[in-house]
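run-v6.txt follows (compact mmCIF, C-alpha atoms):
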```
# COMPACT_ATOMS: atom_id res chain seq x y z
CA MET A 168 -67.26 91.58 123.54
CA SER A 169 -66.66 93.25 126.90
CA ASP A 170 -69.20 93.94 129.58
CA THR A 171 -69.08 97.64 128.68
CA GLY A 172 -70.06 96.85 125.13
CA THR A 173 -66.78 98.01 123.52
CA VAL A 174 -65.08 95.79 120.96
CA THR A 175 -61.70 96.64 119.43
CA SER A 176 -61.35 95.41 115.89
CA LYS A 177 -58.49 93.28 114.59
CA ALA A 178 -57.38 96.22 112.41
CA ASP A 179 -56.48 98.28 115.50
CA ARG A 180 -54.48 95.43 116.98
CA THR A 181 -52.69 94.89 113.69
CA ARG A 182 -51.72 98.58 113.47
CA GLY A 183 -50.40 98.49 117.03
CA LYS A 184 -48.16 95.53 116.30
CA ALA A 185 -46.94 97.05 113.02
CA ALA A 186 -45.87 100.22 114.86
CA ARG A 187 -43.40 98.21 116.93
CA PRO A 188 -40.27 97.26 114.89
CA PRO A 189 -38.69 93.87 115.55
CA LEU A 190 -36.34 93.70 118.52
CA TRP A 191 -33.32 92.79 116.37
CA LEU A 192 -33.89 95.86 114.18
CA THR A 193 -34.12 98.08 117.25
CA VAL A 194 -30.87 96.71 118.69
CA LEU A 195 -29.11 97.01 115.31
CA SER A 196 -30.24 100.62 114.87
CA LEU A 197 -29.13 101.68 118.34
CA THR A 198 -25.78 99.93 117.86
CA ALA A 199 -25.24 101.68 114.52
CA PHE A 200 -26.09 105.03 116.12
CA ALA A 201 -23.55 104.45 118.91
CA ILE A 202 -20.87 103.43 116.38
CA LEU A 203 -21.45 106.53 114.25
CA ILE A 204 -21.17 108.81 117.28
CA ALA A 205 -17.99 107.01 118.38
CA LEU A 206 -16.46 107.42 114.91
CA GLY A 207 -17.25 111.13 114.95
CA VAL A 208 -15.65 111.58 118.36
CA TRP A 209 -12.62 109.57 117.22
CA GLN A 210 -12.15 111.85 114.21
CA ILE A 211 -12.31 114.90 116.47
CA GLU A 212 -9.57 113.36 118.61
CA ARG A 213 -7.54 112.54 115.49
CA ARG A 214 -7.87 116.13 114.33
CA ALA A 215 -6.50 117.41 117.64
CA TRP A 216 -3.60 114.95 117.35
CA LYS A 217 -2.90 116.02 113.74
CA LEU A 218 -2.89 119.72 114.62
CA ALA A 219 -0.44 119.05 117.45
CA LEU A 220 1.78 117.06 115.05
CA ILE A 221 1.78 119.85 112.47
CA ASP A 222 2.72 122.34 115.16
CA ARG A 223 5.62 120.16 116.36
CA VAL A 224 6.92 119.67 112.83
CA GLU A 225 6.76 123.40 112.11
CA GLN A 226 8.85 124.06 115.21
CA ARG A 227 11.41 121.43 114.21
CA VAL A 228 11.75 122.65 110.63
CA HIS A 229 12.36 126.26 111.58
CA ALA A 230 14.62 125.60 114.57
CA PRO A 231 18.38 126.22 114.24
CA ALA A 232 20.25 123.22 112.85
CA GLN A 233 21.65 120.85 115.48
CA PRO A 234 24.18 118.02 115.00
CA ILE A 235 22.58 114.73 114.09
CA PRO A 236 22.03 112.30 117.00
CA ALA A 237 25.05 110.29 118.16
CA PRO A 238 25.25 106.64 117.04
CA ALA A 239 24.28 105.47 120.54
CA ALA A 240 20.90 107.19 120.10
CA TRP A 241 20.16 105.81 116.64
CA PRO A 242 18.10 102.78 117.78
CA ALA A 243 15.68 105.11 119.61
CA ILE A 244 15.05 107.45 116.66
CA SER A 245 11.43 107.49 115.56
CA ALA A 246 9.17 109.46 113.24
CA ALA A 247 7.11 110.80 116.12
CA ASN A 248 10.09 112.22 117.99
CA ASP A 249 12.68 113.03 115.34
CA GLU A 250 11.43 113.31 111.77
CA TYR A 251 11.89 116.73 110.14
CA ARG A 252 14.37 117.89 112.76
CA HIS A 253 16.69 120.54 111.34
CA VAL A 254 20.14 118.94 111.62
CA SER A 255 23.71 119.34 110.45
CA VAL A 256 26.32 116.73 109.59
CA THR A 257 29.91 116.91 108.38
CA GLY A 258 31.99 114.47 106.39
CA ARG A 259 33.18 113.54 102.92
CA PHE A 260 30.85 112.45 100.11
CA LEU A 261 31.39 109.03 98.53
CA HIS A 262 30.19 110.05 95.07
CA ASP A 263 31.04 106.71 93.50
CA ARG A 264 28.36 105.06 95.65
CA GLU A 265 25.45 107.38 94.96
CA THR A 266 21.96 106.00 94.37
CA LEU A 267 19.27 107.48 92.17
CA VAL A 268 15.69 107.19 93.44
CA GLN A 269 12.83 108.03 91.11
CA ALA A 270 11.00 111.20 92.10
CA VAL A 271 8.29 113.59 90.99
CA THR A 272 8.77 117.14 92.27
CA GLU A 273 7.72 120.69 91.50
CA GLU A 274 10.67 120.67 89.08
CA GLY A 275 9.16 117.73 87.19
CA GLY A 276 10.07 114.07 86.96
CA GLY A 277 13.56 112.79 87.62
CA TYR A 278 15.61 111.43 90.50
CA TRP A 279 16.73 112.08 94.04
CA VAL A 280 20.49 111.75 94.39
CA LEU A 281 21.34 109.87 97.60
CA THR A 282 25.03 109.95 98.41
CA PRO A 283 26.76 108.43 101.46
CA LEU A 284 28.59 110.92 103.67
CA GLN A 285 31.62 109.41 105.38
CA ARG A 286 32.01 110.89 108.86
CA GLY A 287 35.20 111.21 110.88
CA ASP A 288 34.11 108.57 113.40
CA GLY A 289 33.75 105.92 110.68
CA THR A 290 29.95 106.03 110.49
CA GLN A 291 28.06 106.97 107.37
CA VAL A 292 24.89 108.94 106.71
CA LEU A 293 22.89 108.88 103.51
CA VAL A 294 22.28 112.41 102.26
CA ASN A 295 19.55 113.20 99.79
CA ARG A 296 21.48 115.90 97.98
CA GLY A 297 18.44 116.89 95.95
CA PHE A 298 16.75 116.48 92.60
CA VAL A 299 18.14 116.04 89.09
CA PRO A 300 16.07 115.75 85.90
CA THR A 301 16.30 112.64 83.76
CA GLU A 302 18.80 114.20 81.34
CA ARG A 303 21.24 114.68 84.23
CA ARG A 304 20.94 111.16 85.57
CA ASP A 305 24.48 110.32 84.48
CA ALA A 306 26.92 111.51 87.14
CA THR A 307 29.37 112.70 84.48
CA THR A 308 26.93 115.49 83.56
CA ARG A 309 27.20 117.08 87.01
CA GLN A 310 30.74 116.44 88.18
CA THR A 311 31.30 120.15 88.76
CA GLY A 312 28.58 120.05 91.43
CA ASN A 313 30.16 117.16 93.32
CA PRO A 314 32.28 118.66 96.10
CA GLU A 315 35.45 116.92 97.19
CA GLY A 316 36.87 116.95 100.69
CA ARG A 317 35.11 117.80 103.93
CA VAL A 318 31.68 119.43 103.70
CA GLU A 319 28.99 120.46 106.15
CA ILE A 320 25.42 119.64 105.21
CA THR A 321 22.33 121.06 106.85
CA GLY A 322 18.89 119.67 106.21
CA LEU A 323 15.95 117.73 107.60
CA LEU A 324 16.24 114.37 109.29
CA ARG A 325 14.02 111.87 107.48
CA ILE A 326 12.96 108.36 108.42
CA THR A 327 13.80 105.47 106.10
CA GLU A 328 11.19 104.41 103.52
CA PRO A 329 11.39 100.62 103.39
CA LYS A 330 10.34 98.30 100.56
CA GLY A 331 9.30 100.80 97.90
CA GLY A 332 6.91 103.44 96.72
CA PHE A 333 3.21 103.32 95.98
CA LEU A 334 2.50 100.02 94.16
CA ARG A 335 6.17 99.76 93.15
CA ASN A 336 8.77 97.75 94.99
CA ASN A 337 12.48 98.53 94.90
CA VAL A 338 14.52 96.19 92.71
CA PRO A 339 18.09 96.49 94.04
CA GLN A 340 19.50 93.82 91.70
CA HIS A 341 18.47 95.96 88.72
CA ASN A 342 19.32 99.24 90.44
CA ARG A 343 15.73 100.45 90.30
CA TRP A 344 14.69 102.46 93.33
CA TYR A 345 11.30 103.97 94.11
CA SER A 346 11.80 104.84 97.77
CA ARG A 347 14.64 105.87 100.03
CA ASP A 348 15.10 102.57 101.83
CA VAL A 349 18.25 103.17 103.87
CA ALA A 350 18.97 99.55 104.81
CA ALA A 351 18.47 98.24 101.27
CA ILE A 352 20.56 101.00 99.69
CA ALA A 353 23.34 100.48 102.26
CA ALA A 354 23.39 96.74 101.50
CA ALA A 355 23.43 97.33 97.74
CA ARG A 356 26.32 99.82 98.01
CA GLY A 357 28.39 97.84 100.52
CA LEU A 358 28.05 100.42 103.30
CA HIS A 359 28.56 99.66 106.99
CA GLU A 360 27.72 101.51 110.19
CA VAL A 361 25.07 103.52 108.37
CA ALA A 362 22.61 105.72 110.24
CA PRO A 363 19.02 104.36 110.09
CA PHE A 364 17.80 107.66 108.65
CA PHE A 365 18.77 110.00 105.83
CA VAL A 366 19.08 113.77 105.58
CA ASP A 367 17.25 115.92 103.02
CA ALA A 368 19.82 118.60 102.22
CA ASP A 369 18.85 122.27 102.26
CA ALA A 370 19.21 124.27 99.07
CA GLY A 371 22.07 126.25 100.63
CA SER A 372 24.08 123.09 101.26
CA GLN A 373 24.51 122.29 97.57
CA SER A 374 27.26 123.36 95.23
CA ALA A 375 26.53 125.12 91.97
CA GLY A 376 25.85 122.60 89.24
CA GLY A 377 24.80 119.90 91.69
CA PRO A 378 21.37 118.50 92.53
CA ILE A 379 18.61 120.92 93.52
CA GLY A 380 18.18 120.74 97.29
CA GLY A 381 15.50 122.10 99.57
CA LEU A 382 12.58 120.45 97.79
CA THR A 383 11.25 118.55 100.78
CA VAL A 384 7.47 118.63 100.75
CA ILE A 385 5.94 118.79 104.20
CA ARG A 386 2.25 118.13 103.92
CA PHE A 387 -0.05 116.40 106.37
CA PRO A 388 -3.58 115.72 105.09
CA ASN A 389 -6.05 116.98 107.67
CA ASN A 390 -9.58 116.01 106.66
CA HIS A 391 -10.60 114.80 110.10
CA LEU A 392 -13.16 117.57 110.63
CA ILE A 393 -14.93 116.64 107.39
CA TYR A 394 -14.93 112.99 108.40
CA ALA A 395 -16.28 113.86 111.85
CA LEU A 396 -19.10 115.95 110.41
CA THR A 397 -19.94 113.12 108.03
CA TRP A 398 -20.23 110.56 110.84
CA PHE A 399 -22.27 112.94 112.99
CA ALA A 400 -24.57 113.73 110.06
CA LEU A 401 -25.18 110.02 109.47
CA ALA A 402 -25.89 109.58 113.18
CA PHE A 403 -28.34 112.51 113.07
CA MET A 404 -30.19 111.03 110.08
CA LEU A 405 -30.38 107.65 111.77
CA ALA A 406 -31.67 109.30 114.94
CA GLY A 407 -34.37 111.02 112.85
CA LYS A 408 -35.38 107.70 111.34
CA LEU A 409 -35.57 106.13 114.80
CA PHE A 410 -37.73 109.02 116.04
CA VAL A 411 -40.15 108.62 113.14
CA THR A 412 -40.32 104.86 113.62
CA PHE A 413 -40.69 104.75 117.39
CA GLY A 414 -42.11 108.16 118.22
CA GLY A 415 -44.57 108.14 115.30
CA GLY A 416 -45.84 104.68 116.19
CA LEU A 417 -46.32 105.68 119.82
CA PHE A 418 -48.20 108.83 118.77
CA ARG A 419 -50.52 106.83 116.54
CA ARG A 420 -51.29 104.34 119.28
CA LYS A 421 -52.09 107.12 121.75
CA LYS A 422 -54.33 108.81 119.22
CA ALA A 423 -56.16 105.55 118.52
CA ARG A 424 -56.77 104.97 122.24
CA LYS A 425 -58.17 108.47 122.68
CA GLY A 426 -60.65 107.82 119.85
CA PHE A 427 -62.27 104.79 121.49
CA VAL A 428 -65.91 105.35 122.66
CA HIS A 429 -67.34 103.48 125.62
CA GLU A 430 -71.10 103.52 126.00
CA PRO A 431 -73.17 101.58 128.51
CA ALA A 432 -75.27 98.72 127.25
CA GLY A 433 -78.83 99.58 126.34
CA GLY A 434 -78.02 102.87 124.63
CA PRO A 435 -80.32 104.36 122.07
CA ASP A 436 -78.62 102.60 119.16
CA VAL A 437 -78.45 98.87 118.82
CA ALA A 438 -75.21 99.13 116.83
CA ALA A 439 -73.08 102.11 115.82
CA ARG A 440 -69.99 102.14 113.65
CA ARG A 441 -67.31 104.82 113.86
CA THR A 442 -65.37 105.88 110.81
CA GLY A 443 -62.04 107.52 110.15
CA SER A 444 -59.13 106.98 112.57
CA ASP A 445 -61.49 105.35 115.05
CA ALA A 446 -62.91 102.79 112.60
CA GLY A 447 -63.37 99.37 114.09
CA THR A 448 -64.93 100.44 117.38
CA ILE A 449 -68.39 98.89 117.73
CA VAL A 450 -70.92 99.64 120.42
CA GLU A 451 -73.59 97.03 120.83
CA GLN A 452 -76.44 96.49 123.16
CA ALA A 453 -75.70 93.90 125.81
```
As C-alpha cells, how would this structure be written, given the file I've shared?
Amino acid sequence: MSDTGTVTSKADRTRGKAARPPLWLTVLSLTAFAILIALGVWQIERRAWKLALIDRVEQRVHAPAQPIPAPAAWPAISAANDEYRHVSVTGRFLHDRETLVQAVTEEGGGYWVLTPLQRGDGTQVLVNRGFVPTERRDATTRQTGNPEGRVEITGLLRITEPKGGFLRNNVPQHNRWYSRDVAAIAAARGLHEVAPFFVDADAGSQSAGGPIGGLTVIRFPNNHLIYALTWFALAFMLAGKLFVTFGGGLFRRKKARKGFVHEPAGGPDVAARRTGSDAGTIVEQA
C-alpha cells in the first residue's frame, strides 16, 4: 500500500507481463520479417534479369545467321553469351554415325536425329537435324532425306546437355540417349575434334523426307513476380501480427494506467472497489 492509498492488484501486473512477448520470439519474428522482405526483393531482381535474358535470346534468334565460332573460341562458349545464336555451318554429314535421342515434341513422341557434320578444317559439329517419329527410327526408312556431299546448315547454337534427361541417365553402352550430351555422344561414336555445342537445324535446312527441323522450343518460365508478391504478402501478414501483438499490448497498458484512481487518504469511503477494465484498484483510508 502506497502513501497515496493506491494499490495495484496482481491481475494488472500479470496482464502487463503477458502483453510483452518473450525476447526470443520478438527476435525470431523480426528476423523472419526481414528474410521475407529480402526474398521478395530478390525475386524482383530475378524478374528483371529474366526479362533481360528473354530480350537477348529474342534478338539472337531473329538475327541473320552467322558462321559458328572458330575452334579457338570454343572453350569460352557459354549459355549466357552464346546459346540460341542463329548460326550457319557447312560440311558433309556422317550419316553412319547418327545418334537418336528420345524426344517429346508438338509432333508427338519420337527421336531427335543428331548427325556429325564433318567440316573442311577437320573439326566436327553435331547437328540436331530434327525430329522423327518412332516408326521412322530406322535410318533405312528415311534414306531419301539424307543428303550426300557438302551442305550448309543454319540453325540455333545449343549448349550440351550432359548426363541425361529428367530422372533418366544416358546409357551409351546400350545406345539409349535421353539428352544431347555432346561429349558422351562423341566418345560413343568415335568422333574427335568435336565442337562442345550442337546446332538445332532450321526447318529450311532439311531435305524432303528427312527429319523435321525447326522444332526448337524457346521458353523461359517467368513466375518471379508471383513469387515476389507471395513473399511480400507473407511479410505483410507477419507485420500485421506483430502490430497486434506489440501495439495492442501497449494500447491495453496505456488504457489500464489511465483508469487508475488516486484519492487522498481519509476520503469519504473506507474502501472502494472499481470494476470493469479498472478492476483491482483499491482506495483505502490510511
Exercise. So, counting only C-alpha atoms, which residue among A:Asn342, A:Gln226, A:Thr308, A:Asn313 is closest to Asp263 (chain A)?
Worked result: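 Ranking A:Asn342, A:Gln226, A:Thr308, A:Asn313 by distance to Asp263 (chain A), first place goes to A:Asn313.
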Problem set entry | Distance of CA of Val349 (chain A) from CA of Ile326 (chain A), expressed in Å to one decimal place |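 We find that CA of Ile326 (chain A) and CA of Val349 (chain A) lie 8.7 Å from each other.
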Exercise. Restricting the calculation to only C-alpha atoms, which member of A:Thr198, A:Thr307, A:Thr266, A:Thr321 is positioned closest to Ile235 (chain A)?
Worked result: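 Smallest distance to Ile235 (chain A) is found for A:Thr321.
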Exercise. What is the CA of Gly381 (chain A)-CA of Arg309 (chain A) distance in Å, reported with one decimal?
Worked result: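 Computed distance, CA of Gly381 (chain A) to CA of Arg309 (chain A), equals 17.9 Å.
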Problem set entry | Proximity to Pro238 (chain A) - best of A:Ala406, A:Leu324, A:Val361, A:Ala354, all atoms listed in the file |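 So, comparing all the options, the nearest one is A:Val361.
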Exercise. Region 288-291 of chain A: which residues within 8 Å, counting all atoms listed in the file, same-chain residues fewer than 3 positions away excluded, as a ChimeraX atom specification?
Worked result: /A:283-285,358-362
As a short mmCIF file (atom, residue, chain, number, x, y, z; two decimals), in the frame of the given file, could you write out region 302-319 of chain A once it has been completed with N, CA and C atoms?
```cif
data_model
loop_
_atom_site.label_atom_id
_atom_site.label_comp_id
_atom_site.auth_asym_id
_atom_site.auth_seq_id
_atom_site.Cartn_x
_atom_site.Cartn_y
_atom_site.Cartn_z
N GLU A 302 17.65 113.98 82.22
CA GLU A 302 18.80 114.20 81.34
C GLU A 302 20.11 114.38 82.10
N ARG A 303 20.01 114.55 83.43
CA ARG A 303 21.24 114.68 84.23
C ARG A 303 21.42 113.47 85.15
N ARG A 304 20.81 112.39 84.78
CA ARG A 304 20.94 111.16 85.57
C ARG A 304 22.39 110.69 85.63
N ASP A 305 23.08 110.75 84.53
CA ASP A 305 24.48 110.32 84.48
C ASP A 305 25.34 111.27 85.32
N ALA A 306 26.11 110.70 86.23
CA ALA A 306 26.92 111.51 87.14
C ALA A 306 27.96 112.35 86.42
N THR A 307 28.37 111.94 85.22
CA THR A 307 29.37 112.70 84.48
C THR A 307 28.84 114.06 84.02
N THR A 308 27.52 114.23 84.00
CA THR A 308 26.93 115.49 83.56
C THR A 308 26.90 116.54 84.67
N ARG A 309 27.28 116.14 85.88
CA ARG A 309 27.20 117.08 87.01
C ARG A 309 28.41 116.97 87.93
N GLN A 310 29.54 116.60 87.37
CA GLN A 310 30.74 116.44 88.18
C GLN A 310 31.17 117.75 88.83
N THR A 311 30.90 118.87 88.19
CA THR A 311 31.30 120.15 88.76
C THR A 311 30.53 120.47 90.04
N GLY A 312 29.37 119.82 90.22
CA GLY A 312 28.58 120.05 91.43
C GLY A 312 28.84 119.05 92.51
N ASN A 313 29.83 118.16 92.31
CA ASN A 313 30.16 117.16 93.32
C ASN A 313 31.37 117.62 94.13
N PRO A 314 31.14 118.13 95.32
CA PRO A 314 32.28 118.66 96.10
C PRO A 314 33.19 117.55 96.60
N GLU A 315 34.46 117.83 96.65
CA GLU A 315 35.45 116.92 97.19
C GLU A 315 35.91 117.45 98.55
N GLY A 316 36.39 116.55 99.38
CA GLY A 316 36.87 116.95 100.69
C GLY A 316 35.73 117.11 101.69
N ARG A 317 36.06 117.69 102.82
CA ARG A 317 35.11 117.80 103.93
C ARG A 317 34.06 118.87 103.64
N VAL A 318 32.80 118.50 103.90
CA VAL A 318 31.68 119.43 103.70
C VAL A 318 30.77 119.38 104.93
N GLU A 319 30.02 120.44 105.11
CA GLU A 319 28.99 120.46 106.15
C GLU A 319 27.64 120.58 105.47
#
```
